[in-house]
file input.cif (mmCIF, C-alpha atoms and all ligand atoms)
data_run
loop_
_atom_site.label_atom_id
_atom_site.label_comp_id
_atom_site.auth_asym_id
_atom_site.auth_seq_id
_atom_site.Cartn_x
_atom_site.Cartn_y
_atom_site.Cartn_z
CA MET A 35 -5.01 -14.65 40.32
CA ARG A 36 -4.86 -17.72 38.13
CA ILE A 37 -6.29 -18.83 34.82
CA GLU A 38 -8.63 -21.79 34.43
CA ASN A 39 -10.06 -22.82 31.10
CA HIS A 40 -8.87 -19.50 29.58
CA ARG A 41 -10.68 -17.45 32.19
CA ILE A 42 -9.80 -15.75 35.45
CA PRO A 43 -12.15 -17.26 38.05
CA GLY A 44 -13.72 -14.78 40.43
CA ILE A 45 -13.87 -11.73 38.17
CA TRP A 46 -16.87 -10.45 36.22
CA HIS A 47 -17.15 -12.28 32.93
CA ARG A 48 -19.33 -11.81 29.87
CA GLN A 49 -18.45 -12.40 26.27
CA SER A 50 -18.03 -9.68 23.65
CA SER A 51 -19.85 -10.16 20.34
CA ASN A 52 -16.72 -8.96 18.49
CA LEU A 53 -14.46 -12.02 18.60
CA GLY A 54 -12.67 -14.24 16.11
CA ALA A 55 -12.72 -18.02 16.19
CA ALA A 56 -11.08 -20.12 18.90
CA ARG A 57 -7.35 -20.24 18.16
CA GLU A 58 -5.25 -23.35 17.99
CA LYS A 59 -2.08 -21.85 19.43
CA PRO A 60 -1.77 -20.13 22.80
CA PRO A 61 -1.15 -16.37 22.97
CA VAL A 62 2.55 -15.37 22.97
CA VAL A 63 2.32 -11.58 23.37
CA ILE A 64 0.43 -9.31 25.79
CA VAL A 65 -0.63 -5.94 24.29
CA LEU A 66 -1.38 -3.11 26.72
CA HIS A 67 -3.80 -0.29 25.85
CA TYR A 68 -5.70 2.64 27.25
CA THR A 69 -9.40 3.11 26.55
CA THR A 70 -9.26 6.83 25.66
CA GLY A 71 -11.89 7.65 28.27
CA TRP A 72 -12.71 7.97 31.95
CA ASN A 73 -15.81 5.78 32.11
CA GLY A 74 -14.82 2.12 32.54
CA LYS A 75 -18.29 0.61 32.17
CA ALA A 76 -18.96 2.59 29.00
CA SER A 77 -15.69 1.34 27.47
CA ARG A 78 -16.38 -2.22 28.58
CA ASP A 79 -19.86 -2.15 27.00
CA TRP A 80 -18.47 -0.58 23.81
CA LEU A 81 -15.84 -3.32 23.49
CA MET A 82 -18.55 -5.95 23.99
CA GLY A 83 -20.37 -4.69 20.91
CA GLU A 84 -23.90 -6.01 20.56
CA ALA A 85 -23.57 -8.01 23.78
CA GLY A 86 -22.91 -4.72 25.57
CA GLY A 87 -25.88 -3.03 23.94
CA THR A 88 -23.73 -0.88 21.64
CA THR A 89 -23.31 -0.43 17.88
CA ASN A 90 -19.58 -1.22 17.86
CA ARG A 91 -18.83 -4.04 15.40
CA GLY A 92 -15.11 -3.55 15.00
CA SER A 93 -13.21 -3.74 18.27
CA SER A 94 -12.88 -5.76 21.45
CA ALA A 95 -10.28 -6.87 23.99
CA HIS A 96 -9.87 -9.64 26.54
CA VAL A 97 -9.92 -7.66 29.77
CA VAL A 98 -10.81 -4.10 30.78
CA VAL A 99 -9.28 -2.79 34.02
CA ASP A 100 -11.07 0.14 35.65
CA ARG A 101 -9.36 2.89 37.63
CA ASP A 102 -10.46 1.44 40.99
CA GLY A 103 -8.90 -1.96 40.15
CA THR A 104 -12.12 -3.67 39.04
CA ALA A 105 -11.48 -6.07 36.14
CA TRP A 106 -14.00 -7.27 33.56
CA GLN A 107 -13.14 -10.19 31.29
CA ILE A 108 -14.98 -9.87 27.98
CA ALA A 109 -13.24 -12.65 26.01
CA PRO A 110 -11.69 -16.00 26.94
CA PHE A 111 -7.94 -15.98 26.25
CA ASN A 112 -8.19 -18.70 23.59
CA ARG A 113 -10.36 -16.49 21.35
CA THR A 114 -9.01 -13.76 19.09
CA ALA A 115 -10.11 -10.29 20.18
CA TRP A 116 -9.79 -7.19 17.95
CA HIS A 117 -7.56 -4.71 19.73
CA ALA A 118 -4.22 -4.49 17.88
CA GLY A 119 -5.27 -3.36 14.38
CA PRO A 120 -2.60 -3.43 11.64
CA SER A 121 0.43 -4.45 13.66
CA ARG A 122 3.82 -6.07 13.70
CA TYR A 123 6.24 -7.18 16.37
CA GLY A 124 9.55 -8.65 15.28
CA GLU A 125 8.69 -11.40 12.81
CA LEU A 126 5.07 -11.55 13.96
CA GLN A 127 2.38 -9.78 11.89
CA GLY A 128 -1.24 -9.12 12.79
CA LEU A 129 -0.95 -9.30 16.55
CA ASN A 130 -4.65 -9.95 17.21
CA SER A 131 -4.16 -13.62 16.33
CA HIS A 132 -1.22 -14.06 18.69
CA SER A 133 -1.95 -11.86 21.66
CA VAL A 134 -4.02 -11.02 24.70
CA GLY A 135 -5.29 -7.42 24.79
CA ILE A 136 -5.72 -5.60 28.09
CA GLU A 137 -7.42 -2.19 28.18
CA PHE A 138 -6.73 0.20 31.06
CA VAL A 139 -9.30 2.91 31.65
CA ASN A 140 -7.46 6.18 30.96
CA ALA A 141 -8.19 9.25 28.83
CA GLY A 142 -4.76 9.36 27.20
CA TRP A 143 -3.25 12.60 25.90
CA MET A 144 -4.90 15.92 26.79
CA LYS A 145 -3.88 19.06 24.87
CA PRO A 146 -3.30 22.33 26.74
CA ASN A 147 -5.61 25.08 25.43
CA GLY A 148 -3.39 27.93 26.66
CA LEU A 149 -5.95 28.96 29.29
CA GLY A 150 -4.88 26.44 31.93
CA ASP A 151 -7.20 23.67 30.77
CA TYR A 152 -6.47 20.37 29.05
CA ILE A 153 -8.71 18.87 26.37
CA ASP A 154 -8.90 15.13 25.67
CA ALA A 155 -9.47 13.32 22.37
CA TYR A 156 -13.25 13.64 22.79
CA GLY A 157 -13.15 17.36 23.57
CA ARG A 158 -13.67 16.99 27.30
CA ARG A 159 -11.99 19.83 29.15
CA MET A 160 -10.39 19.56 32.59
CA ASN A 161 -8.25 22.01 34.56
CA ASP A 162 -5.21 21.25 36.67
CA ARG A 163 -7.28 20.86 39.84
CA ALA A 164 -9.78 18.47 38.26
CA LEU A 165 -6.98 16.38 36.80
CA LYS A 166 -5.22 16.19 40.15
CA LYS A 167 -8.47 15.14 41.78
CA ALA A 168 -8.85 12.41 39.15
CA GLY A 169 -5.48 10.90 40.11
CA GLY A 170 -2.87 13.34 38.85
CA TYR A 171 -1.05 13.63 35.57
CA THR A 172 2.36 13.92 33.99
CA LEU A 173 3.42 16.32 31.23
CA ALA A 174 5.24 14.80 28.29
CA PRO A 175 5.72 15.48 24.57
CA HIS A 176 4.61 12.99 21.93
CA ALA A 177 5.38 13.44 18.24
CA ARG A 178 2.29 11.46 17.19
CA VAL A 179 -0.01 13.93 19.00
CA GLY A 180 1.73 17.14 17.90
CA SER A 181 4.33 19.61 19.09
CA GLY A 182 4.74 20.74 22.69
CA SER A 183 3.81 18.85 25.84
CA PHE A 184 0.55 17.14 26.74
CA ALA A 185 -1.05 16.09 30.02
CA TRP A 186 -1.25 12.32 30.48
CA PRO A 187 -3.48 11.20 33.38
CA LEU A 188 -1.70 8.83 35.77
CA TYR A 189 -2.83 5.24 36.31
CA PRO A 190 -4.02 4.75 39.93
CA GLU A 191 -2.08 2.17 41.93
CA ALA A 192 -5.20 -0.01 42.46
CA GLN A 193 -5.62 -0.25 38.68
CA LEU A 194 -1.95 -1.09 38.14
CA GLU A 195 -1.97 -3.76 40.83
CA THR A 196 -4.91 -5.56 39.21
CA GLY A 197 -3.19 -5.26 35.83
CA LEU A 198 0.06 -6.68 37.20
CA GLU A 199 -1.79 -9.64 38.75
CA ILE A 200 -3.52 -10.41 35.46
CA VAL A 201 -0.27 -10.21 33.49
CA GLN A 202 1.46 -12.44 36.04
CA ALA A 203 -1.34 -15.02 35.70
CA LEU A 204 -1.04 -14.88 31.89
CA ILE A 205 2.75 -15.41 32.03
CA ALA A 206 2.18 -18.45 34.27
CA ALA A 207 -0.50 -19.91 31.99
CA TYR A 208 0.84 -19.24 28.47
CA PRO A 209 4.24 -19.13 26.68
CA ILE A 210 4.30 -15.31 26.74
CA ALA A 211 7.44 -14.00 25.00
CA ALA A 212 6.81 -10.24 25.15
CA ILE A 213 4.73 -7.53 26.81
CA VAL A 214 4.27 -4.60 24.44
CA SER A 215 2.46 -1.28 24.10
CA HIS A 216 -0.12 -0.81 21.36
CA GLU A 217 2.00 2.14 20.22
CA GLU A 218 5.08 0.04 19.46
CA ILE A 219 3.28 -2.57 17.33
CA ASP A 220 0.97 -0.19 15.41
CA THR A 221 2.21 -0.15 11.80
CA ARG A 222 0.16 2.94 10.85
CA GLY A 223 1.91 5.17 13.38
CA TRP A 224 -1.35 6.44 14.89
CA LYS A 225 -1.47 4.89 18.33
CA THR A 226 -0.10 6.42 21.52
CA ASP A 227 -1.36 3.97 24.15
CA PRO A 228 -0.82 3.20 26.93
CA GLY A 229 1.37 6.36 26.81
CA PRO A 230 4.14 7.97 28.85
CA ALA A 231 2.18 7.84 32.14
CA PHE A 232 2.07 4.03 32.01
CA PRO A 233 4.81 2.22 33.99
CA MET A 234 5.74 -0.22 31.21
CA ALA A 235 8.93 -1.34 32.95
CA ARG A 236 6.97 -2.66 35.94
CA PHE A 237 4.96 -4.88 33.62
CA GLN A 238 7.90 -6.00 31.49
CA GLY A 239 9.81 -6.70 34.70
CA LEU A 240 7.40 -9.56 35.40
CA MET A 241 8.90 -11.39 32.42
CA GLY A 242 12.28 -11.61 34.12
CA GLU A 243 10.71 -13.44 37.04
CA ALA A 244 9.44 -16.20 34.77
CA ALA A 245 11.92 -19.03 35.16
CA GLY A 246 13.69 -20.86 32.36
CA ARG A 247 12.74 -18.55 29.50
CA GLU A 248 14.94 -18.55 26.41
CA GLU A 249 16.39 -15.10 25.88
CA ALA A 250 16.57 -15.58 22.13
CA TYR A 251 16.22 -12.41 20.06
CA VAL A 252 16.43 -11.38 16.42
CA VAL A 253 17.68 -8.12 14.82
CA THR A 254 14.73 -6.19 13.30
CA ALA A 255 16.68 -3.21 11.84
CA GLY A 256 18.26 -3.48 8.37
CA ARG A 257 21.69 -2.87 9.86
CA LEU A 258 22.35 -2.58 13.58
CA ASN A 259 25.53 -1.20 15.13
CA LEU A 260 27.25 -3.38 17.69
CA ARG A 261 29.04 -1.10 20.15
CA GLY A 262 31.51 -1.32 23.00
CA GLY A 263 29.13 0.27 25.51
CA PRO A 264 25.48 1.22 26.12
CA GLY A 265 25.28 4.43 24.06
CA THR A 266 25.94 5.89 20.61
CA GLY A 267 29.14 7.50 21.96
CA PHE A 268 30.81 4.11 22.22
CA GLU A 269 32.96 2.76 19.38
CA LYS A 270 31.59 0.14 17.03
CA ILE A 271 33.01 -3.32 17.53
CA VAL A 272 34.89 -4.37 14.37
CA PRO A 273 34.38 -7.07 13.30
CA PRO A 274 31.45 -7.44 12.85
CA GLY A 275 30.47 -3.75 13.39
CA MET A 276 27.05 -4.21 11.83
CA LEU A 277 24.49 -6.92 12.50
CA LEU A 278 22.14 -7.59 9.61
CA ARG A 279 18.38 -8.01 9.88
CA GLY A 280 17.47 -11.52 10.97
CA THR A 281 20.68 -12.10 12.94
CA ARG A 282 19.84 -14.13 16.02
CA LEU A 283 21.31 -13.18 19.35
CA ARG A 284 21.06 -13.78 23.06
CA VAL A 285 20.46 -10.90 25.49
CA LEU A 286 22.87 -11.22 28.43
CA LYS A 287 21.90 -8.03 30.29
CA ARG A 288 20.19 -4.68 29.82
CA GLU A 289 21.03 -1.11 30.78
CA GLY A 290 18.36 1.49 30.07
CA ASP A 291 17.41 1.23 26.40
CA TRP A 292 20.52 -0.82 25.60
CA ALA A 293 21.13 -4.56 25.57
CA PHE A 294 24.42 -6.47 25.93
CA VAL A 295 24.18 -9.31 23.43
CA ALA A 296 25.90 -12.39 22.09
CA PRO A 297 25.18 -12.67 18.32
CA GLU A 298 25.11 -16.01 16.55
CA ARG A 299 27.56 -16.63 13.73
CA ALA A 300 26.36 -17.38 10.20
CA ASP A 301 26.64 -21.11 10.92
CA GLY A 302 24.16 -20.78 13.81
CA GLU A 303 26.72 -21.28 16.56
CA GLU A 304 27.16 -18.65 19.22
CA GLY A 305 30.31 -16.67 18.48
CA ALA A 306 32.81 -15.23 20.93
CA ILE A 307 31.88 -11.61 20.17
CA ARG A 308 29.84 -9.63 22.69
CA GLY A 309 28.61 -6.06 22.38
CA TRP A 310 25.87 -3.50 23.01
CA VAL A 311 22.93 -2.77 20.70
CA HIS A 312 19.95 -0.42 21.04
CA GLY A 313 17.07 -2.50 22.43
CA GLY A 314 14.56 -0.86 20.06
CA TYR A 315 15.99 -2.80 17.12
CA ILE A 316 15.80 -6.32 18.48
CA ALA A 317 12.71 -8.42 19.27
CA PRO A 318 12.19 -11.79 20.93
CA MET A 319 12.15 -14.81 18.63
CA ILE A 320 8.55 -15.94 18.59
CA ALA A 321 7.30 -19.07 16.91
CA ALA A 322 4.05 -18.00 15.25
ZN ZN A 401 -4.87 0.46 21.84
#
call {"tool": "encode", "arguments": {"input": "input.cif", "output": "structure tokens", "more": "lines below"}}
Ligand SMILES: [Zn+2]
result
Amino acid sequence: MRIENHRIPGIWHRQSSNLGAAREKPPVVIVLHYTTGWNGKASRDWLMGEAGGTTNRGSSAHVVVDRDGTAWQIAPFNRTAWHAGPSRYGELQGLNSHSVGIEFVNAGWMKPNGLGDYIDAYGRRMNDRALKKAGGYTLAPHARVGSGSFAWPLYPEAQLETGLEIVQALIAAYPIAAIVSHEEIDTRGWKTDPGPAFPMARFQGLMGEAAGREEAYVVTAGRLNLRGGPGTGFEKIVPPGMLLRGTRLRVLKREGDWAFVAPERADGEEGAIRGWVHGGYIAPMIAA
């Protein structure tokens, strides 16, 4: 796949009614979502608003990817779509203006009812056999949904492959600095998509293949421990021990959730100190 004039030639294209103005700067973040449903066409039409024959006036996205790998583009990538809600990533606020939103057709969390069935956010009930027939599921807890474990329907390989191709085309066409889940940018703490069944690492792995990208990051926590190894069991490195919010650093390698970094000194030069920080408290430097 490739992108021409902010569109992917060869896939179905119609424009949502729920879009902001054309933006002057290219998108720098890709936000991944699930639709909270099984019916791809119904979600696509909903996100198109009036143009899809629905009453939705508040949300949209750029692309919807169905479970069989079919993709529908409902906004050109140079228009703001409304998918991120109140959101923040690193220094960037209000991600709609800076991002491309991709919706994957998936029901999301399903709560066990104690009788062997699972119930989704819209009250639809499915048993183990029906869920397996629909592509399988994984069980995982999620504090935002409640206590205990929930069923999360898997994403079929055909759907993931289309999604990966689209993301690859976006990375080639725009200065994409990060691929994020809706959950991690949502400042209200409500969102759970695309959820534990989504192979985020496969998508984020595409970033590493993009040549010549600056691995410049910034500390987003108030104080961040710099440690001698990738885990909280490792000693803090003293000095500096703590990195303050806003400290710039370069990521040299990653191991699991941890990143081996080279922090900048106060004068902006790269210092000689190297250490490990938790990757959840750093974000790429993005020029808004
Ligand atoms: Zn979402």
call {"tool": "residues_near_ligand", "arguments": {"input": "input.cif", "ligand": "ligand ZN 401 (chain A)", "cutoff": "8 Å", "atoms": "all atoms listed in the file", "output": "PyMOL selection string"}}
result
chain A and resi 66-69+117-118+137+215-217+225-228
call {"tool": "atom_distance", "arguments": {"input": "input.cif", "atom1": "CA of Lys75 (chain A)", "atom2": "CA of Arg101 (chain A)"}}
result
10.7 Å
call {"tool": "residues_around", "arguments": {"input": "input.cif", "residues": "region 54-59 of chain A", "least_positions_apart": "4", "cutoff": "12 Å", "atoms": "only C-alpha atoms", "output": "ChimeraX atom specification"}}
result
/A:40,49-50,63,91-96,109-117,130-134,208-210,321-322
call {"tool": "residues_around", "arguments": {"input": "input.cif", "residues": "region 254-261 of chain A", "least_positions_apart": "3", "cutoff": "12 Å", "atoms": "all atoms listed in the file", "output": "PyMOL selection string"}}
result
chain A and resi 122-126+251+264-283+292-297+307-319
call {"tool": "closest_residue", "arguments": {"input": "input.cif", "among": "A:Pro60, A:Gly182, A:Gly83, A:Gly197", "to": "Val98 (chain A)", "atoms": "all atoms listed in the file"}}
result
A:Gly197
call {"tool": "atom_distance", "arguments": {"input": "input.cif", "atom1": "CA of Arg41 (chain A)", "atom2": "CA of Gly239 (chain A)"}}
result
23.3 Å
call {"tool": "closest_residue", "arguments": {"input": "input.cif", "among": "A:Gly86, A:Thr70, A:Val139, A:Gly290", "to": "Tyr156 (chain A)", "atoms": "all atoms listed in the file"}}
result
A:Thr70
call {"tool": "atom_distance", "arguments": {"input": "input.cif", "atom1": "CA of Leu240 (chain A)", "atom2": "CA of Val179 (chain A)"}}
result
29.6 Å
call {"tool": "closest_residue", "arguments": {"input": "input.cif", "among": "A:Asp151, A:Asp100, A:Glu84, A:Asp301", "to": "Phe138 (chain A)", "atoms": "only C-alpha atoms"}}
result
A:Asp100
call {"tool": "decode", "arguments": {"input": "input.cif", "residues": "region 265-277 of chain A", "atoms": "all heavy atoms", "output": "CSV table (one decimal), in the first residue's frame"}}
result
chain,number,residue,atom,x,y,z
A,265,GLY,N,14.8,-3.1,35.6
A,265,GLY,CA,13.9,-3.6,36.6
A,265,GLY,C,14.0,-2.8,37.9
A,265,GLY,O,15.1,-2.2,38.1
A,266,THR,N,13.0,-2.8,38.7
A,266,THR,CA,13.0,-2.0,39.9
A,266,THR,C,14.0,-2.6,41.0
A,266,THR,O,14.3,-2.0,42.0
A,266,THR,CB,11.6,-1.9,40.6
A,266,THR,OG1,11.1,-3.2,40.7
A,266,THR,CG2,10.7,-1.1,39.7
A,267,GLY,N,14.4,-3.9,40.8
A,267,GLY,CA,15.4,-4.5,41.7
A,267,GLY,C,16.8,-4.0,41.5
A,267,GLY,O,17.6,-4.2,42.4
A,268,PHE,N,17.0,-3.2,40.4
A,268,PHE,CA,18.4,-2.7,40.2
A,268,PHE,C,18.6,-1.4,41.0
A,268,PHE,O,17.7,-0.6,41.1
A,268,PHE,CB,18.6,-2.5,38.7
A,268,PHE,CG,18.7,-3.9,38.0
A,268,PHE,CD1,17.6,-4.4,37.4
A,268,PHE,CD2,19.9,-4.5,37.9
A,268,PHE,CE1,17.7,-5.6,36.7
A,268,PHE,CE2,20.0,-5.7,37.2
A,268,PHE,CZ,18.9,-6.3,36.6
A,269,GLU,N,19.8,-1.2,41.4
A,269,GLU,CA,20.2,0.0,42.1
A,269,GLU,C,20.0,1.2,41.3
A,269,GLU,O,20.2,1.2,40.1
A,269,GLU,CB,21.7,-0.1,42.5
A,269,GLU,CG,22.0,-1.1,43.6
A,269,GLU,CD,21.4,-0.7,45.0
A,269,GLU,OE1,21.6,0.4,45.4
A,269,GLU,OE2,20.7,-1.6,45.6
A,270,LYS,N,19.7,2.4,42.0
A,270,LYS,CA,19.7,3.6,41.3
A,270,LYS,C,21.1,4.1,41.0
A,270,LYS,O,22.0,3.8,41.7
A,270,LYS,CB,19.0,4.7,42.1
A,270,LYS,CG,17.5,4.5,42.3
A,270,LYS,CD,17.0,5.7,43.1
A,270,LYS,CE,15.8,5.2,43.9
A,270,LYS,NZ,15.5,6.2,44.9
A,271,ILE,N,21.2,4.7,39.8
A,271,ILE,CA,22.6,5.3,39.5
A,271,ILE,C,22.7,6.7,40.1
A,271,ILE,O,21.9,7.5,39.8
A,271,ILE,CB,22.7,5.3,37.9
A,271,ILE,CG1,22.7,3.9,37.4
A,271,ILE,CG2,24.0,6.1,37.5
A,271,ILE,CD1,22.7,3.8,35.9
A,272,VAL,N,23.7,6.8,40.9
A,272,VAL,CA,23.9,8.1,41.6
A,272,VAL,C,25.3,8.6,41.3
A,272,VAL,O,26.3,7.9,41.6
A,272,VAL,CB,23.8,7.9,43.2
A,272,VAL,CG1,23.9,9.3,43.8
A,272,VAL,CG2,22.5,7.3,43.5
A,273,PRO,N,25.5,9.8,40.9
A,273,PRO,CA,24.5,10.7,40.3
A,273,PRO,C,24.0,10.2,38.9
A,273,PRO,O,24.8,9.4,38.4
A,273,PRO,CB,25.1,12.1,40.3
A,273,PRO,CG,26.6,11.8,40.1
A,273,PRO,CD,26.8,10.4,40.7
A,274,PRO,N,22.9,10.7,38.4
A,274,PRO,CA,22.0,11.6,39.0
A,274,PRO,C,20.9,11.0,39.8
A,274,PRO,O,20.2,11.7,40.5
A,274,PRO,CB,21.4,12.3,37.7
A,274,PRO,CG,21.4,11.2,36.7
A,274,PRO,CD,22.6,10.3,37.0
A,275,GLY,N,20.7,9.7,39.7
A,275,GLY,CA,19.6,9.0,40.5
A,275,GLY,C,18.2,9.3,39.9
A,275,GLY,O,17.5,8.4,39.5
A,276,MET,N,17.8,10.5,39.9
A,276,MET,CA,16.5,10.9,39.5
A,276,MET,C,16.6,11.8,38.2
A,276,MET,O,17.5,12.7,38.2
A,276,MET,CB,15.8,11.8,40.5
A,276,MET,CG,15.5,11.1,41.8
A,276,MET,SD,13.9,10.3,41.6
A,276,MET,CE,13.6,9.8,43.3
A,277,LEU,N,15.8,11.6,37.2
A,277,LEU,CA,15.7,12.5,36.1
A,277,LEU,C,14.4,13.3,36.3
A,277,LEU,O,13.3,12.7,36.6
A,277,LEU,CB,15.6,11.7,34.8
A,277,LEU,CG,16.8,10.8,34.5
A,277,LEU,CD1,16.5,10.0,33.2
A,277,LEU,CD2,18.1,11.6,34.4
